[in-house]
Amino acid sequence: MQYQNDFSLFLKLRGEEILSGGRMVLSFMGRRTSDPTTEESCYHWELLAHALMSMVSEEKVDSFNAPYYAPCPEELKLEVEKVGSFIIDRLEAFEIDWDGGVDEDVNNTLGALSRGQRVAKTIRAVVESMVAHHFGNHILDELFRRYAQTVGDYLSKTQAKYINLVISVIIKD
């Protein structure tokens with residue numbers, strides 16, 4: 001419900017700003033299916049929760065709310081149509097490796113980092129301030145070290161992919 005409210009408001013306000021004939025291209029972390037609990041849309045958060053629970057109480061983890069939602073293509077279409085300011089020109093889904101798909105080339109700076117470390121650095125950039133506010137700065141380095149290890153172990157057994165949704169819309173005249 002929060003996603004629908006926020007995205008509808010976003011579309012409404014952009015519809016007021018964009019000139020006739022204007023276009024907007026948006027990119028979202030998403031999912032292919034209508035089930036919001038699928039592994040493809042939220043398992044990286046489950047792994048972060050495991051790392052957190054190894055350091056703090058389960059109650060403290062349960063009270064942490066990361067404002068993240070990965071819509072499916074149908075949800076995007078529904079909200080765009082409901083607001084009515086735009087026409088969908090194109091909507092596509094792309095798979096992206098969790099670790100960015102960088103080769104394990106030790107001569108390459110990114111390749112020298114473990115797959116888990118690359119994912120942990122990305123997720124840390126997104127959630128660090130929220131985690132620090134809720135749990136304190138003192139846990140950050142250890143938390144993301146543990147998270148990198150957990151993700152690295154997971155990625156050694158599976159080919160995890162994010163789903164990236166890209167939508168192009170044109171303002172209605």
# chains A, B, ... in the order shown; residues from 1 in each chain; ligands from 1
>>> residues_around(residues="region 160-165 of chain A", least_positions_apart="6", cutoff="6 Å", atoms="only C-alpha atoms", output="ChimeraX atom specification")
/A:27-31,92-98
>>> write_last_selection(atoms="all heavy atoms", output="CSV table (one decimal), in the first residue's frame")
chain,number,residue,atom,x,y,z
A,27,SER,N,14.2,3.5,-13.6
A,27,SER,CA,14.8,2.2,-13.4
A,27,SER,C,14.5,1.8,-11.9
A,27,SER,O,14.8,2.6,-11.0
A,27,SER,CB,16.3,2.3,-13.7
A,27,SER,OG,16.9,1.0,-13.4
A,28,PHE,N,14.1,0.6,-11.7
A,28,PHE,CA,13.7,0.1,-10.4
A,28,PHE,C,14.3,-1.3,-10.1
A,28,PHE,O,14.4,-2.1,-11.0
A,28,PHE,CB,12.2,-0.1,-10.2
A,28,PHE,CG,11.4,1.0,-10.4
A,28,PHE,CD1,10.9,1.4,-11.6
A,28,PHE,CD2,11.0,1.8,-9.3
A,28,PHE,CE1,10.1,2.5,-11.8
A,28,PHE,CE2,10.2,2.9,-9.4
A,28,PHE,CZ,9.7,3.3,-10.7
A,29,MET,N,14.7,-1.6,-8.9
A,29,MET,CA,14.9,-3.0,-8.5
A,29,MET,C,13.5,-3.5,-8.5
A,29,MET,O,12.6,-2.9,-7.9
A,29,MET,CB,15.5,-3.0,-7.1
A,29,MET,CG,16.9,-2.5,-7.0
A,29,MET,SD,18.1,-3.4,-8.0
A,29,MET,CE,18.2,-4.9,-7.1
A,30,GLY,N,13.3,-4.7,-9.0
A,30,GLY,CA,12.0,-5.3,-9.1
A,30,GLY,C,12.0,-6.8,-9.0
A,30,GLY,O,12.9,-7.4,-8.5
A,31,ARG,N,10.9,-7.3,-9.4
A,31,ARG,CA,10.7,-8.8,-9.5
A,31,ARG,C,9.9,-9.1,-10.7
A,31,ARG,O,9.1,-8.3,-11.2
A,31,ARG,CB,10.1,-9.3,-8.2
A,31,ARG,CG,8.7,-8.8,-7.9
A,31,ARG,CD,8.2,-9.3,-6.5
A,31,ARG,NE,6.8,-9.1,-6.4
A,31,ARG,CZ,6.2,-8.0,-6.2
A,31,ARG,NH1,6.9,-6.9,-6.0
A,31,ARG,NH2,4.9,-7.9,-6.1
A,92,GLU,N,10.7,-3.1,-19.6
A,92,GLU,CA,11.5,-4.3,-19.7
A,92,GLU,C,12.1,-4.7,-18.4
A,92,GLU,O,12.3,-3.8,-17.5
A,92,GLU,CB,12.6,-4.0,-20.8
A,92,GLU,CG,12.1,-3.8,-22.2
A,92,GLU,CD,13.1,-3.9,-23.2
A,92,GLU,OE1,14.1,-4.6,-23.0
A,92,GLU,OE2,12.9,-3.3,-24.3
A,93,ALA,N,12.4,-6.0,-18.3
A,93,ALA,CA,13.1,-6.5,-17.1
A,93,ALA,C,14.4,-7.1,-17.5
A,93,ALA,O,14.5,-7.7,-18.6
A,93,ALA,CB,12.2,-7.6,-16.5
A,94,PHE,N,15.4,-6.8,-16.7
A,94,PHE,CA,16.8,-7.2,-17.0
A,94,PHE,C,17.3,-8.0,-15.7
A,94,PHE,O,17.0,-7.5,-14.6
A,94,PHE,CB,17.7,-6.1,-17.3
A,94,PHE,CG,17.4,-5.3,-18.5
A,94,PHE,CD1,16.6,-4.1,-18.3
A,94,PHE,CD2,17.8,-5.6,-19.7
A,94,PHE,CE1,16.2,-3.4,-19.4
A,94,PHE,CE2,17.4,-4.9,-20.8
A,94,PHE,CZ,16.6,-3.7,-20.7
A,95,GLU,N,18.1,-9.0,-15.9
A,95,GLU,CA,18.7,-9.7,-14.8
A,95,GLU,C,20.1,-9.1,-14.7
A,95,GLU,O,20.8,-8.9,-15.6
A,95,GLU,CB,18.8,-11.2,-15.1
A,95,GLU,CG,17.5,-11.9,-15.0
A,95,GLU,CD,17.7,-13.4,-15.2
A,95,GLU,OE1,18.8,-13.9,-15.6
A,95,GLU,OE2,16.7,-14.1,-14.9
A,96,ILE,N,20.5,-8.9,-13.4
A,96,ILE,CA,21.8,-8.4,-13.1
A,96,ILE,C,22.4,-9.2,-12.0
A,96,ILE,O,21.7,-9.5,-10.9
A,96,ILE,CB,21.8,-6.9,-12.6
A,96,ILE,CG1,21.2,-6.0,-13.7
A,96,ILE,CG2,23.2,-6.4,-12.2
A,96,ILE,CD1,20.8,-4.6,-13.2
A,97,ASP,N,23.6,-9.7,-12.1
A,97,ASP,CA,24.3,-10.5,-11.1
A,97,ASP,C,24.4,-9.7,-9.8
A,97,ASP,O,24.6,-8.5,-9.9
A,97,ASP,CB,25.7,-11.0,-11.5
A,97,ASP,CG,25.7,-12.0,-12.6
A,97,ASP,OD1,24.7,-12.7,-12.7
A,97,ASP,OD2,26.7,-12.0,-13.3
A,98,TRP,N,24.1,-10.3,-8.7
A,98,TRP,CA,24.2,-9.6,-7.4
A,98,TRP,C,25.6,-8.8,-7.3
A,98,TRP,O,25.6,-7.7,-6.8
A,98,TRP,CB,24.1,-10.5,-6.2
A,98,TRP,CG,22.8,-10.9,-5.8
A,98,TRP,CD1,21.6,-10.7,-6.4
A,98,TRP,CD2,22.4,-11.4,-4.5
A,98,TRP,NE1,20.5,-11.1,-5.7
A,98,TRP,CE2,21.0,-11.6,-4.5
A,98,TRP,CE3,23.1,-11.8,-3.4
A,98,TRP,CZ2,20.3,-12.1,-3.4
A,98,TRP,CZ3,22.5,-12.4,-2.3
A,98,TRP,CH2,21.1,-12.5,-2.3
>>> residues_around(residues="region 64-70 of chain A", least_positions_apart="4", cutoff="12 Å", atoms="only C-alpha atoms", output="number ranges by chain")
A: 1-4, 6-7, 27-46, 48-49, 52-53, 56-60, 74-76, 123, 126-135, 162-165
>>> select_by_dssp(residues="chain A", states="alpha helix (DSSP H)", output="PyMOL selection string")
chain A and resi 2-17+39-53+58-62+73-83+109-112+115-135+140-155
>>> select_by_dssp(residues="chain A", states="strand (DSSP E or B)", output="JSON, numbers by chain")
{"A": [23, 24, 25, 26, 27, 28, 29, 30, 86, 87, 88, 89, 90, 91, 92, 93, 94, 95, 96, 97, 161, 162, 163, 164, 165, 166, 167, 168, 169, 170, 171]}
>>> residues_around(residues="Ile170 (chain A)", least_positions_apart="2", cutoff="7 Å", atoms="only C-alpha atoms", output="list in words")
Gly21, Gly22, Arg23, Met24, Phe86, Ile87, Ile88, Asp89, Ser168 and Lys172 of chain A
>>> atom_distance(atom1="CA of Arg118 (chain A)", atom2="CA of Asp141 (chain A)")
14.2 Å
>>> atom_distance(atom1="CA of Ala148 (chain A)", atom2="CA of Lys121 (chain A)")
8.2 Å
>>> closest_residue(among="A:Asp62, A:Glu142, A:Asp99, A:Glu79", to="Asn5 (chain A)", atoms="only C-alpha atoms")
A:Glu79
